[in-house]
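Asker: input29.txt is reproduced below (compact mmCIF, C-alpha atoms and all ligand atoms).
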# COMPACT_ATOMS: atom_id res chain seq x y z
CA MET A 1 51.92 10.57 -58.90
CA SER A 2 54.42 11.34 -56.12
CA PRO A 3 52.92 12.45 -52.78
CA THR A 4 51.84 16.07 -52.65
CA PRO A 5 52.85 17.72 -49.37
CA ALA A 6 49.74 19.83 -48.70
CA THR A 7 47.11 17.38 -49.95
CA ASP A 8 48.69 14.17 -48.72
CA GLY A 9 50.44 15.64 -45.69
CA TRP A 10 47.68 17.81 -44.20
CA ILE A 11 44.33 17.42 -45.99
CA ALA A 12 43.90 13.71 -46.82
CA PRO A 13 44.45 12.48 -43.21
CA LEU A 14 41.46 14.59 -42.05
CA ARG A 15 39.10 13.65 -44.87
CA ALA A 16 37.10 10.74 -43.46
CA ALA A 17 36.63 12.25 -39.99
CA ALA A 18 36.17 15.91 -40.88
CA TRP A 19 34.50 15.99 -44.31
CA PRO A 20 32.85 12.62 -45.05
CA ASP A 21 31.22 14.09 -48.19
CA LEU A 22 34.68 14.77 -49.65
CA THR A 23 35.33 11.81 -51.91
CA ALA A 24 38.55 10.21 -53.13
CA THR A 25 37.82 11.91 -56.48
CA HIS A 26 37.97 15.32 -54.81
CA ILE A 27 41.27 14.41 -53.15
CA ASP A 28 42.67 13.25 -56.49
CA ALA A 29 41.61 16.54 -58.09
CA LEU A 30 43.40 18.45 -55.32
CA ARG A 31 46.51 16.28 -55.82
CA ARG A 32 46.51 16.95 -59.56
CA PHE A 33 46.01 20.66 -58.95
CA GLU A 34 48.87 20.75 -56.42
CA ALA A 35 51.16 18.84 -58.79
CA ALA A 36 50.39 21.25 -61.66
CA LEU A 37 50.90 24.22 -59.33
CA THR A 38 54.31 23.10 -58.11
CA GLU A 39 55.44 22.12 -61.61
CA ARG A 40 54.63 25.55 -63.04
CA PHE A 41 55.48 27.86 -60.13
CA THR A 42 58.93 29.24 -59.37
CA ALA A 43 59.24 31.67 -56.46
CA PRO A 44 59.42 34.57 -56.33
CA ALA A 45 56.83 35.41 -58.99
CA LYS A 46 55.42 38.82 -59.84
CA GLY A 47 51.93 39.84 -60.92
CA LYS A 48 52.13 39.11 -64.64
CA GLN A 49 53.64 35.64 -64.02
CA LEU A 50 51.06 34.92 -61.32
CA LEU A 51 48.28 35.99 -63.65
CA ALA A 52 49.66 33.75 -66.42
CA LEU A 53 49.83 30.90 -63.90
CA ARG A 54 46.21 31.57 -62.90
CA ARG A 55 45.17 31.37 -66.56
CA SER A 56 47.20 28.24 -67.27
CA LEU A 57 45.78 26.50 -64.18
CA ALA A 58 42.17 27.30 -65.11
CA PRO A 59 41.67 23.81 -66.67
CA GLN A 60 43.34 22.14 -63.64
CA ARG A 61 41.18 23.82 -61.01
CA PRO A 62 39.46 21.30 -58.75
CA PRO A 63 35.75 21.27 -59.65
CA VAL A 64 34.03 23.62 -57.22
CA GLY A 65 30.30 22.96 -57.21
CA ASN A 66 27.71 24.68 -55.07
CA GLY A 67 26.81 24.02 -51.46
CA PRO A 68 29.00 22.78 -48.59
CA ILE A 69 31.09 20.39 -50.67
CA GLY A 70 31.91 23.15 -53.19
CA ALA A 71 32.87 25.48 -50.33
CA THR A 72 35.02 22.73 -48.80
CA VAL A 73 36.93 22.09 -52.03
CA ALA A 74 37.40 25.86 -52.53
CA ALA A 75 38.84 26.26 -49.01
CA LEU A 76 41.10 23.23 -49.42
CA ALA A 77 42.38 24.55 -52.77
CA GLN A 78 43.21 27.86 -51.06
CA PHE A 79 45.10 25.95 -48.35
CA VAL A 80 47.11 24.18 -51.08
CA CYS A 81 47.94 27.53 -52.74
CA GLY A 82 48.98 29.13 -49.45
CA PHE A 83 51.10 26.10 -48.58
CA HIS A 84 53.36 26.78 -51.58
CA ASP A 85 53.37 30.59 -51.41
CA LEU A 86 50.93 33.14 -50.06
CA ASP A 87 51.20 35.07 -53.35
CA LEU A 88 49.45 32.10 -54.99
CA ARG A 89 46.22 33.05 -53.17
CA ASP A 90 44.68 34.28 -56.41
CA THR A 91 45.54 31.33 -58.63
CA VAL A 92 42.21 29.58 -58.04
CA GLY A 93 38.62 30.61 -57.61
CA ALA A 94 36.57 33.59 -58.70
CA GLY A 95 38.00 35.65 -55.80
CA HIS A 96 36.32 39.04 -55.62
CA GLY A 97 34.79 38.27 -59.03
CA ARG A 98 32.32 36.17 -57.07
CA MET A 99 30.44 39.41 -56.28
CA ILE A 100 29.75 39.81 -60.01
CA LEU A 101 28.78 36.17 -60.48
CA ARG A 102 26.43 36.32 -57.52
CA HIS A 103 24.94 39.80 -57.78
CA GLY A 104 25.46 40.76 -61.44
CA SER A 105 22.78 40.48 -64.08
CA GLY A 106 22.26 40.85 -67.80
CA ALA A 107 25.16 42.10 -69.91
CA ALA A 108 27.56 42.48 -66.96
CA LEU A 109 27.03 38.91 -65.77
CA ASP A 110 27.34 37.46 -69.29
CA ARG A 111 30.57 39.33 -69.98
CA TRP A 112 32.26 38.61 -66.66
CA ALA A 113 31.24 34.97 -66.36
CA VAL A 114 33.24 34.34 -69.55
CA ARG A 115 36.20 36.51 -68.54
CA LEU A 116 36.46 34.97 -65.05
CA ALA A 117 36.29 31.45 -66.50
CA ARG A 118 39.24 32.40 -68.75
CA GLY A 119 41.25 33.30 -65.63
CA GLU A 120 40.85 37.07 -65.52
CA LEU A 121 41.01 38.67 -62.10
CA VAL A 122 38.72 41.11 -60.31
CA GLY A 123 39.88 43.28 -57.39
CA VAL A 124 37.92 44.98 -54.62
CA ALA A 125 38.19 48.68 -53.82
CA ALA A 126 36.63 49.67 -50.50
CA THR A 127 39.31 51.30 -48.32
CA GLU A 128 39.72 55.07 -48.21
CA ARG A 129 42.12 57.42 -46.40
CA HIS A 130 39.84 57.96 -43.38
CA GLY A 131 40.23 54.23 -42.50
CA GLY A 132 39.20 50.94 -44.04
CA SER A 133 37.53 49.75 -40.86
CA ARG A 134 34.79 52.41 -41.32
CA LEU A 135 33.03 51.42 -44.55
CA GLN A 136 29.94 53.47 -43.66
CA GLU A 137 31.97 56.67 -44.02
CA ILE A 138 33.23 56.16 -47.59
CA THR A 139 33.22 59.26 -49.77
CA ALA A 140 33.59 57.88 -53.34
CA ARG A 141 30.33 58.82 -55.10
CA ILE A 142 28.19 57.92 -58.06
CA THR A 143 25.94 60.61 -59.52
CA PRO A 144 23.35 60.09 -62.27
CA ALA A 145 24.68 60.38 -65.82
CA PRO A 146 23.14 59.49 -69.21
CA GLY A 147 22.79 55.67 -69.40
CA GLY A 148 23.98 55.13 -65.85
CA TRP A 149 26.28 56.86 -63.39
CA SER A 150 29.45 58.91 -63.08
CA LEU A 151 31.98 57.77 -60.42
CA ASN A 152 34.42 60.06 -58.61
CA GLY A 153 36.71 59.40 -55.66
CA GLU A 154 39.82 57.59 -54.49
CA LYS A 155 40.59 54.22 -52.88
CA CYS A 156 43.83 53.22 -51.15
CA TRP A 157 45.78 50.05 -50.26
CA VAL A 158 44.10 48.20 -53.12
CA SER A 159 45.63 44.83 -53.95
CA ARG A 160 45.88 43.37 -57.51
CA LEU A 161 46.07 47.03 -58.58
CA CYS A 162 47.67 46.50 -62.00
CA GLU A 163 46.70 42.85 -62.54
CA ALA A 164 42.93 43.08 -62.04
CA ALA A 165 40.90 43.54 -65.21
CA ALA A 166 38.17 45.22 -63.15
CA PHE A 167 37.34 46.26 -59.61
CA VAL A 168 34.18 46.05 -57.59
CA VAL A 169 34.16 49.56 -56.13
CA PHE A 170 32.14 50.50 -53.05
CA CYS A 171 30.75 54.03 -53.19
CA LYS A 172 27.72 56.09 -52.16
CA ASP A 173 24.75 57.12 -54.29
CA PRO A 174 22.95 60.50 -54.05
CA ASP A 175 20.73 59.03 -51.27
CA ASP A 176 23.87 58.18 -49.25
CA ARG A 177 23.30 54.45 -49.72
CA ILE A 178 26.34 52.27 -50.25
CA GLN A 179 26.50 50.81 -53.74
CA ALA A 180 28.84 48.32 -55.42
CA VAL A 181 29.77 49.01 -59.04
CA ILE A 182 32.03 47.26 -61.55
CA VAL A 183 34.77 49.46 -62.98
CA GLU A 184 36.95 48.27 -65.86
CA ALA A 185 40.58 48.86 -64.84
CA ALA A 186 41.66 50.19 -68.24
CA GLY A 187 38.61 52.44 -68.71
CA PRO A 188 38.78 56.22 -69.19
CA GLY A 189 39.16 58.22 -65.96
CA VAL A 190 40.70 55.34 -63.94
CA SER A 191 44.26 55.88 -62.65
CA ARG A 192 46.49 53.62 -60.58
CA ALA A 193 49.49 54.55 -58.40
CA PRO A 194 51.36 51.54 -56.93
CA GLU A 195 53.08 51.63 -53.51
CA THR A 196 55.81 49.25 -52.36
CA PRO A 197 54.43 46.70 -49.85
CA SER A 198 56.64 45.02 -47.24
CA GLY A 199 55.04 41.60 -47.91
CA LEU A 200 52.65 40.00 -50.41
CA GLY A 201 54.85 41.67 -53.02
CA GLY A 202 53.80 39.36 -55.86
CA TRP A 203 50.78 41.53 -56.57
CA THR A 204 50.80 45.28 -57.07
CA TRP A 205 49.14 47.35 -54.37
CA GLY A 206 48.28 51.02 -54.02
CA THR A 207 45.90 53.84 -54.89
CA LEU A 208 43.06 53.73 -57.38
CA ALA A 209 41.44 57.01 -58.43
CA PHE A 210 38.29 57.69 -60.45
CA GLN A 211 37.56 60.87 -62.31
CA ASP A 212 34.16 61.05 -64.04
CA VAL A 213 34.26 57.31 -64.74
CA HIS A 214 31.16 56.17 -66.60
CA VAL A 215 29.35 53.23 -64.97
CA SER A 216 26.48 51.85 -67.04
CA GLU A 217 23.40 50.75 -65.09
CA PRO A 218 24.02 46.97 -65.55
CA TYR A 219 27.43 47.54 -63.93
CA ARG A 220 25.77 48.52 -60.65
CA LEU A 221 25.47 45.27 -58.69
CA GLY A 222 22.66 43.92 -56.64
CA GLY A 223 19.75 46.22 -57.48
CA GLU A 224 17.82 47.12 -54.37
CA GLN A 225 19.93 45.00 -52.02
CA GLY A 226 22.61 47.70 -52.07
CA GLY A 227 26.36 47.57 -51.60
CA ALA A 228 26.45 47.08 -47.83
CA GLY A 229 24.57 43.77 -48.17
CA ILE A 230 26.86 42.66 -51.00
CA PHE A 231 29.95 43.51 -48.93
CA ARG A 232 28.66 41.54 -45.93
CA GLU A 233 27.57 38.54 -47.98
CA HIS A 234 30.78 38.44 -50.02
CA PHE A 235 33.17 38.70 -47.10
CA ALA A 236 31.26 36.00 -45.19
CA SER A 237 32.35 33.76 -48.05
CA PHE A 238 35.80 35.28 -48.74
CA ARG A 239 37.20 35.54 -45.19
CA PRO A 240 37.19 31.77 -44.46
CA LEU A 241 39.18 31.37 -47.69
CA VAL A 242 41.69 33.98 -46.50
CA ALA A 243 42.07 32.07 -43.22
CA ALA A 244 42.52 28.75 -45.08
CA THR A 245 45.20 30.31 -47.32
CA ALA A 246 47.10 31.80 -44.36
CA LEU A 247 46.95 28.49 -42.50
CA GLY A 248 48.25 26.73 -45.63
CA THR A 249 51.24 29.08 -45.61
CA ALA A 250 51.98 28.31 -41.95
CA ALA A 251 51.53 24.57 -42.62
CA GLY A 252 54.08 24.93 -45.42
CA VAL A 253 56.54 26.49 -42.97
CA HIS A 254 55.79 23.72 -40.46
CA THR A 255 56.57 21.06 -43.10
CA THR A 256 59.78 22.86 -44.13
CA VAL A 257 60.98 23.28 -40.54
CA THR A 258 60.15 19.68 -39.62
CA GLY A 259 61.94 18.41 -42.74
CA THR A 260 65.03 20.54 -42.04
CA LEU A 261 65.24 19.36 -38.42
CA ARG A 262 64.72 15.72 -39.47
CA ALA A 263 67.56 16.00 -42.02
CA ARG A 264 69.86 17.68 -39.49
CA HIS A 265 69.06 14.93 -37.00
CA GLN A 266 69.65 12.15 -39.55
CA ILE A 267 73.14 13.40 -40.43
CA GLN A 268 73.84 13.91 -36.71
CA LEU A 269 74.28 17.65 -37.09
CA LEU A 270 71.70 17.71 -34.30
CA PRO A 271 72.30 14.46 -32.38
CA ARG A 272 69.33 15.15 -30.09
CA LEU A 273 66.36 17.49 -30.60
CA ARG A 274 65.59 19.70 -27.62
CA ASP A 275 62.24 19.11 -25.88
CA THR A 276 61.25 22.75 -26.38
CA THR A 277 61.66 22.25 -30.16
CA LEU A 278 59.49 19.14 -30.12
CA VAL A 279 56.88 20.93 -28.00
CA THR A 280 56.76 23.82 -30.48
CA LEU A 281 56.31 21.39 -33.41
CA GLY A 282 53.49 19.60 -31.58
CA ARG A 283 51.75 22.74 -30.37
CA THR A 284 51.85 24.56 -33.70
CA ALA A 285 50.58 21.44 -35.56
CA ALA A 286 47.61 21.29 -33.16
CA ASP A 287 46.97 25.04 -33.49
CA LEU A 288 47.13 24.94 -37.29
CA ASN A 289 44.95 21.85 -37.65
CA SER A 290 42.24 23.15 -35.34
CA ALA A 291 42.18 26.60 -36.98
CA PHE A 292 42.12 24.92 -40.42
CA LEU A 293 39.10 22.81 -39.41
CA SER A 294 37.37 25.99 -38.20
CA ALA A 295 38.13 27.80 -41.47
CA VAL A 296 36.63 25.01 -43.58
CA THR A 297 33.62 24.79 -41.23
CA SER A 298 33.13 28.52 -41.63
CA ALA A 299 33.19 28.18 -45.43
CA ARG A 300 30.59 25.41 -45.19
CA LEU A 301 28.33 27.49 -42.90
CA THR A 302 28.35 30.31 -45.45
CA ALA A 303 27.49 27.88 -48.26
CA GLN A 304 24.54 26.63 -46.19
CA ASP A 305 23.29 30.22 -45.64
CA SER A 306 23.58 29.55 -41.92
CA PRO A 307 22.64 32.42 -39.60
CA GLN A 308 26.00 31.74 -37.86
CA ALA A 309 27.99 32.28 -41.07
CA ASP A 310 28.75 35.98 -40.69
CA VAL A 311 30.03 35.78 -37.10
CA TRP A 312 32.07 32.69 -37.92
CA ALA A 313 33.64 34.29 -40.98
CA ARG A 314 34.75 37.39 -39.06
CA SER A 315 36.15 35.54 -36.09
CA VAL A 316 37.69 32.75 -38.21
CA LYS A 317 39.55 35.27 -40.39
CA ALA A 318 41.02 36.91 -37.29
CA HIS A 319 41.73 33.63 -35.50
CA GLY A 320 43.07 31.79 -38.55
CA VAL A 321 45.44 34.53 -39.66
CA GLN A 322 46.62 35.22 -36.09
CA THR A 323 47.21 31.50 -35.51
CA ALA A 324 49.16 31.18 -38.77
CA HIS A 325 51.20 34.31 -38.03
CA ARG A 326 52.04 33.22 -34.48
CA ALA A 327 52.93 29.68 -35.58
CA VAL A 328 55.40 30.98 -38.17
CA GLU A 329 56.94 33.36 -35.60
CA ASP A 330 57.45 30.38 -33.28
CA LEU A 331 58.65 27.94 -35.96
CA ALA A 332 61.10 30.21 -37.84
CA PRO A 333 63.76 30.39 -35.09
CA LEU A 334 63.92 26.56 -34.89
CA VAL A 335 66.01 26.46 -38.09
CA GLY A 336 68.16 29.45 -37.14
CA ALA A 337 69.53 32.24 -39.30
CA SER A 338 69.14 30.30 -42.56
CA GLY A 339 65.43 31.08 -42.36
CA PHE A 340 66.19 34.80 -42.14
CA ARG A 341 67.84 34.98 -45.58
CA ALA A 342 65.90 37.23 -47.94
CA ASP A 343 65.42 34.33 -50.35
CA SER A 344 64.14 31.95 -47.65
CA PRO A 345 60.48 30.88 -48.07
CA ILE A 346 60.22 31.07 -44.28
CA ALA A 347 61.25 34.75 -44.28
CA LYS A 348 58.79 35.39 -47.12
CA ALA A 349 55.95 33.63 -45.29
CA ARG A 350 56.59 35.81 -42.22
CA GLN A 351 56.44 39.01 -44.26
CA ASP A 352 53.42 37.90 -46.30
CA LEU A 353 51.37 36.83 -43.28
CA GLY A 354 52.01 40.29 -41.80
CA GLY A 355 50.00 41.76 -44.72
CA LEU A 356 47.01 39.52 -43.99
CA LEU A 357 46.77 41.00 -40.47
CA TYR A 358 45.37 44.08 -42.27
CA ALA A 359 43.93 42.88 -45.59
CA ASP A 360 40.28 41.77 -45.60
CA GLY A 361 39.60 43.26 -42.19
CA LEU A 362 41.63 44.33 -39.16
CA HIS A 363 41.25 41.82 -36.38
CA ASP A 364 40.18 44.16 -33.60
CA SER A 365 37.37 45.47 -35.82
CA LEU A 366 36.29 41.98 -36.90
CA LEU A 367 36.26 40.55 -33.37
CA ARG A 368 34.54 43.63 -31.98
CA SER A 369 31.73 43.35 -34.52
CA ALA A 370 31.48 39.59 -33.91
CA GLY A 371 31.19 40.30 -30.18
CA ARG A 372 28.51 42.91 -30.82
CA THR A 373 26.47 40.40 -32.85
CA LEU A 374 26.84 37.76 -30.13
CA MET A 375 25.54 40.24 -27.54
CA LYS A 376 22.39 40.80 -29.61
CA ARG A 377 21.39 37.12 -29.51
C1 LIG A 401 48.32 43.71 -48.02
C2 LIG A 401 47.05 44.51 -48.00
C3 LIG A 401 46.11 44.32 -49.01
C4 LIG A 401 44.94 45.07 -49.01
N1 LIG A 401 44.07 44.92 -50.06
C5 LIG A 401 42.98 45.72 -50.12
C6 LIG A 401 42.12 45.66 -51.27
O1 LIG A 401 42.35 44.89 -52.20
N2 LIG A 401 41.05 46.49 -51.31
C7 LIG A 401 40.78 47.37 -50.30
O2 LIG A 401 39.79 48.08 -50.39
N3 LIG A 401 41.58 47.46 -49.20
C8 LIG A 401 42.67 46.67 -49.11
N4 LIG A 401 43.52 46.75 -48.02
C9 LIG A 401 43.20 47.69 -46.96
C10 LIG A 401 42.67 46.97 -45.72
O3 LIG A 401 41.38 46.47 -45.97
C11 LIG A 401 42.71 48.01 -44.61
O4 LIG A 401 44.06 48.17 -44.24
C12 LIG A 401 41.88 47.63 -43.42
O5 LIG A 401 40.52 47.61 -43.74
C13 LIG A 401 42.11 48.61 -42.28
O6 LIG A 401 41.95 49.92 -42.71
P1 LIG A 401 43.10 50.99 -42.42
O7 LIG A 401 44.43 50.40 -42.76
O8 LIG A 401 42.71 52.24 -43.11
O9 LIG A 401 43.10 51.17 -40.85
P2 LIG A 401 42.05 52.01 -39.97
O10 LIG A 401 40.65 51.67 -40.33
O11 LIG A 401 42.48 53.42 -40.00
O12 LIG A 401 42.35 51.40 -38.55
C14 LIG A 401 43.62 51.60 -37.93
C15 LIG A 401 43.45 51.31 -36.44
O13 LIG A 401 42.60 52.26 -35.87
C16 LIG A 401 41.61 51.56 -35.13
N5 LIG A 401 40.43 52.40 -35.02
C17 LIG A 401 39.39 52.54 -35.88
N6 LIG A 401 38.46 53.36 -35.35
C18 LIG A 401 38.95 53.77 -34.14
C19 LIG A 401 38.48 54.62 -33.11
N7 LIG A 401 37.31 55.23 -33.21
N8 LIG A 401 39.27 54.79 -32.02
C20 LIG A 401 40.46 54.18 -31.91
N9 LIG A 401 40.95 53.36 -32.84
C21 LIG A 401 40.21 53.15 -33.95
C22 LIG A 401 41.40 50.29 -35.89
O14 LIG A 401 40.74 49.31 -35.11
C23 LIG A 401 42.84 49.94 -36.17
O15 LIG A 401 43.45 49.32 -35.08
C24 LIG A 401 44.70 46.01 -47.98
C25 LIG A 401 45.64 46.19 -46.95
C26 LIG A 401 46.80 45.45 -46.95
C27 LIG A 401 47.81 45.67 -45.86
Represent the structure of the file as structure tokens.
Answerer:
Amino acid sequence: MSPTPATDGWIAPLRAAAWPDLTATHIDALRRFEAALTERFTAPAKGKQLLALRRSLAPQRPPVGNGPIGATVAALAQFVCGFHDLDLRDTVGAGHGRMILRHGSGAALDRWAVRLARGELVGVAATERHGGSRLQEITARITPAPGGWSLNGEKCWVSRLCEAAAFVVFCKDPDDRIQAVIVEAAGPGVSRAPETPSGLGGWTWGTLAFQDVHVSEPYRLGGEQGGAGIFREHFASFRPLVAATALGTAAGVHTTVTGTLRARHQIQLLPRLRDTTLVTLGRTAADLNSAFLSAVTSARLTAQDSPQADVWARSVKAHGVQTAHRAVEDLAPLVGASGFRADSPIAKARQDLGGLLYADGLHDSLLRSAGRTLMKR
């Protein structure tokens, strides 16, 4: 197999020092996954193609077991996806479907375990017009109905809007407790209104409304634990993966920029590389590697149920995405205007990373809540 740029270029050199429990078999699985991904993916791809790719890659997914090694492989697979295109972030893993696998029971768990294994996608719907950073104030409601509940309300800025087969929707019950319920996307009373995003355009994004949507009792997740606990637990696991994906995208830009400069130097188009260019390449490589190590460490802490996991996940999402975003801003000018063309992967990476500054938690809110937790210790 020819060398794979993300696995061989960025992941394999760190293996022995950073993750001694990651075996050569895991690395081979990542290589095979990356090779299958690059063979089947042509940018730019839209939702239906990405969904088909997700389904076709289901047999190629690196085996993700439980515990720290499973979390490591999952984070590394996300890095590989991001490296080739940030829109590939949903081609591996259970994604938000993990909330169903972890907190579902009975009929809901049985049904969704099969559908997720087949490659179907689950979205999350939490944000409302008053502001996504204030989950406690959500207004979508479930009220008792025969055999379960009736859901009413509206969510905005929801990603995977038309591709997800279901959403985990956060809402309040009559006692004002936050609940998480599964809503089938094509069910009666569910409507979707896409908006046009300025990045991450592979997946549809927009408003999701519920009018008297029936939610059967097994489709309410987590029993007594409630939705707030599910949200916290899920995002402690999901945010390190977001950071790893973003850092993969920036590493992809780093590899592209380095390759372009090397080629220009070899043909003497650039007889000598400026020191400032070399410094930027060195500094961004160090920034990306250290943030990548933090993201994988954060994923491992969550898998170990560490008391540090929640604070790490919040700060690592903010730090990882900011580091990736800043690195791409610094690297893009090194190849000049060619990287500004609309069809340039560098231009796309810049736009896409902009979306992750908001999605899965605004950074000021995440860092503020991490700071508040640190003050309590
Ligand atoms: C590409 C993309 C994908 C997304 N996907 C999803 C998805 O799948 N599902 C989903 O539910 N949501 C999704 N979102 C929404 C995302 O989670 C929210 O954008 C995010 O939570 C922030 O919410 P908001 O945009 O409403 O901003 P707000 O919460 O309104 O915050 C805006 C600003 O106001 C600040 N602020 C908050 N309170 C105060 C205050 N008291 N005083 C002063 N300033 C304050 C915030 O810190 C922030 O800087 C997505 C967003 C994007 C861009």
Asker: Might you pull out every residue within 8 Å of Ala349 (chain A), with only C-alpha atoms counted and same-chain residues fewer than 5 positions away left off, and present them as a list in words?
Answerer: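 Here the answer would be Asp85, Leu86, Thr249, Ala250, Val253 and Val328 of chain A.
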Asker: Which residues are near ligand LIG 401 (chain A) - at most 9 Å, using all atoms listed in the file? Format: as a ChimeraX atom specification.
Answerer: /A:123-135,155-161,169-170,197-201,205-206,352-366,368
Asker: Select, from A:Gly95, A:Trp203, A:Thr4, A:Ala342, the residue with the minimum atom-to-atom distance to Gln49 (chain A), counting all atoms listed in the file.
Answerer: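 Answer, going by the shortest atom-to-atom distance: A:Trp203.
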Asker: With distances taken over all atoms listed in the file, which residue among A:Ala113, A:Ala75, A:Asp173, A:Arg350 lies nearest Arg239 (chain A)?
Answerer: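 Among the listed residues, A:Ala75 lies closest to Arg239 (chain A).
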Asker: If we count only C-alpha atoms, what is near region 294-304 of chain A at a cut-off of 10 Å, once residues fewer than 2 positions away on the same chain are taken out, given as number ranges by chain?
Answerer: A: 18-19, 66-76, 79, 233-245, 247, 288-292, 306-317, 319-320
Asker: Of the candidates A:Arg98, A:Gln60, A:Thr91, A:Ala285, which shows the shortest atom-to-atom distance to Lys48 (chain A), using only C-alpha atoms?
Answerer: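 Ranking A:Arg98, A:Gln60, A:Thr91, A:Ala285 by distance to Lys48 (chain A), first place goes to A:Thr91.
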Asker: At what distance in Å, to one decimal, does CA of Asp21 (chain A) lie from CA of Pro5 (chain A)?
Answerer: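 Here the two named atoms are 22.0 Å from each other.
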Asker: If you take every atom of region 284-300 of chain A that the file lists and fit an axis-aligned box around them with 8 Å extra on each side, what centre and edge lengths come out in Å to one decimal, as JSON?
Answerer:
{"center_x": 41.2, "center_y": 24.9, "center_z": -39.3, "size_x": 37.3, "size_y": 23.2, "size_z": 28.3}
Asker: Using CA of Gly189 (chain A) and CA of Val213 (chain A) as the two end points, give the distance in Å to one decimal.
Answerer: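 So the two atoms, CA of Gly189 (chain A) and CA of Val213 (chain A), lie 5.1 Å apart.
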Asker: Show me the residues close to (49.9, 20.4, -54.5) - anything with an atom within 10 Å, counting all atoms listed in the file - and format the list as a list in words.
Answerer: Pro3, Thr4, Pro5, Ala6, Thr7, Asp8, Ala29, Leu30, Arg31, Arg32, Phe33, Glu34, Ala35, Ala36, Leu37, Thr38, Glu39, Ala77, Phe79, Val80, Cys81, Phe83 and His84 of chain A
Asker: So, counting all atoms listed in the file, which residue among A:Ser105, A:Thr323, A:Gln179, A:Ser338 is closest to Ile230 (chain A)?
Answerer: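 Selected residue with least distance to Ile230 (chain A): A:Gln179.
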Asker: Which of these, A:Pro174, A:Pro188, A:Gly47, A:Gly9, has the shortest distance to Arg89 (chain A) once you count only C-alpha atoms?
Answerer: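 Of A:Pro174, A:Pro188, A:Gly47, A:Gly9, the one nearest Arg89 (chain A) is A:Gly47, counting only C-alpha atoms.
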Asker: Pick out the residues sitting within 8 Å of Ala164 (chain A), and hand them over as a PyMOL selection string; count all atoms listed in the file, and ignore anything fewer than 6 positions along from it in its own chain.
Answerer: chain A and resi 120-123+185
Asker: How many Å lie between CA of Pro62 (chain A) and CA of Val168 (chain A), rounded to one decimal?
Answerer: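 Distance reported for this atom pair: 25.3 Å.
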Asker: Could you give me, as a list in words, the residues within 10 Å of Pro146 (chain A), counting only C-alpha atoms and dropping anything in the same chain fewer than 5 positions from it?
Answerer: His214, Val215, Ser216 and Glu217 of chain A
Asker: Would you write out those residues with C-alpha atoms, as a PDB file, in the frame of the given file?
Answerer:
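Ended up saving to result.pdb:
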ATOM      1  CA  HIS A 214      31.160  56.170 -66.600  1.00  0.00           C
ATOM      2  CA  VAL A 215      29.350  53.230 -64.970  1.00  0.00           C
ATOM      3  CA  SER A 216      26.480  51.850 -67.040  1.00  0.00           C
ATOM      4  CA  GLU A 217      23.400  50.750 -65.090  1.00  0.00           C
TER       5      GLU A 217
END
Asker: Can you tell me which residues surround Thr284 (chain A) at a distance of at most 9 Å, considering all atoms listed in the file, apart from same-chain residues fewer than 2 positions away, and format the answer as a PDB file with C-alpha atoms, keeping the file's coordinate frame?
Answerer:
ATOM      1  CA  ALA A 251      51.530  24.570 -42.620  1.00  0.00           C
ATOM      2  CA  HIS A 254      55.790  23.720 -40.460  1.00  0.00           C
ATOM      3  CA  VAL A 279      56.880  20.930 -28.000  1.00  0.00           C
ATOM      4  CA  THR A 280      56.760  23.820 -30.480  1.00  0.00           C
ATOM      5  CA  LEU A 281      56.310  21.390 -33.410  1.00  0.00           C
ATOM      6  CA  GLY A 282      53.490  19.600 -31.580  1.00  0.00           C
ATOM      7  CA  ALA A 286      47.610  21.290 -33.160  1.00  0.00           C
ATOM      8  CA  ASP A 287      46.970  25.040 -33.490  1.00  0.00           C
ATOM      9  CA  LEU A 288      47.130  24.940 -37.290  1.00  0.00           C
ATOM     10  CA  ASN A 289      44.950  21.850 -37.650  1.00  0.00           C
ATOM     11  CA  THR A 323      47.210  31.500 -35.510  1.00  0.00           C
ATOM     12  CA  ALA A 324      49.160  31.180 -38.770  1.00  0.00           C
ATOM     13  CA  ARG A 326      52.040  33.220 -34.480  1.00  0.00           C
ATOM     14  CA  ALA A 327      52.930  29.680 -35.580  1.00  0.00           C
ATOM     15  CA  VAL A 328      55.400  30.980 -38.170  1.00  0.00           C
ATOM     16  CA  ASP A 330      57.450  30.380 -33.280  1.00  0.00           C
ATOM     17  CA  LEU A 331      58.650  27.940 -35.960  1.00  0.00           C
TER      18      LEU A 331
END
Asker: With only C-alpha atoms as the basis for distance, which of A:Ile27, A:Met99, A:Ala12, A:Ala17 is at the shortest distance from Pro63 (chain A)?
Answerer: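 Using only C-alpha atoms, the shortest distance to Pro63 (chain A) belongs to A:Ile27.
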Asker: Just give me the residues with any atom within 12 Å of (67.4, 18.8, -31.6), file coordinates, counting only C-alpha atoms, written as an MDAnalysis selection string.
Answerer: chainID A and resid 257:258 260:281 334:335
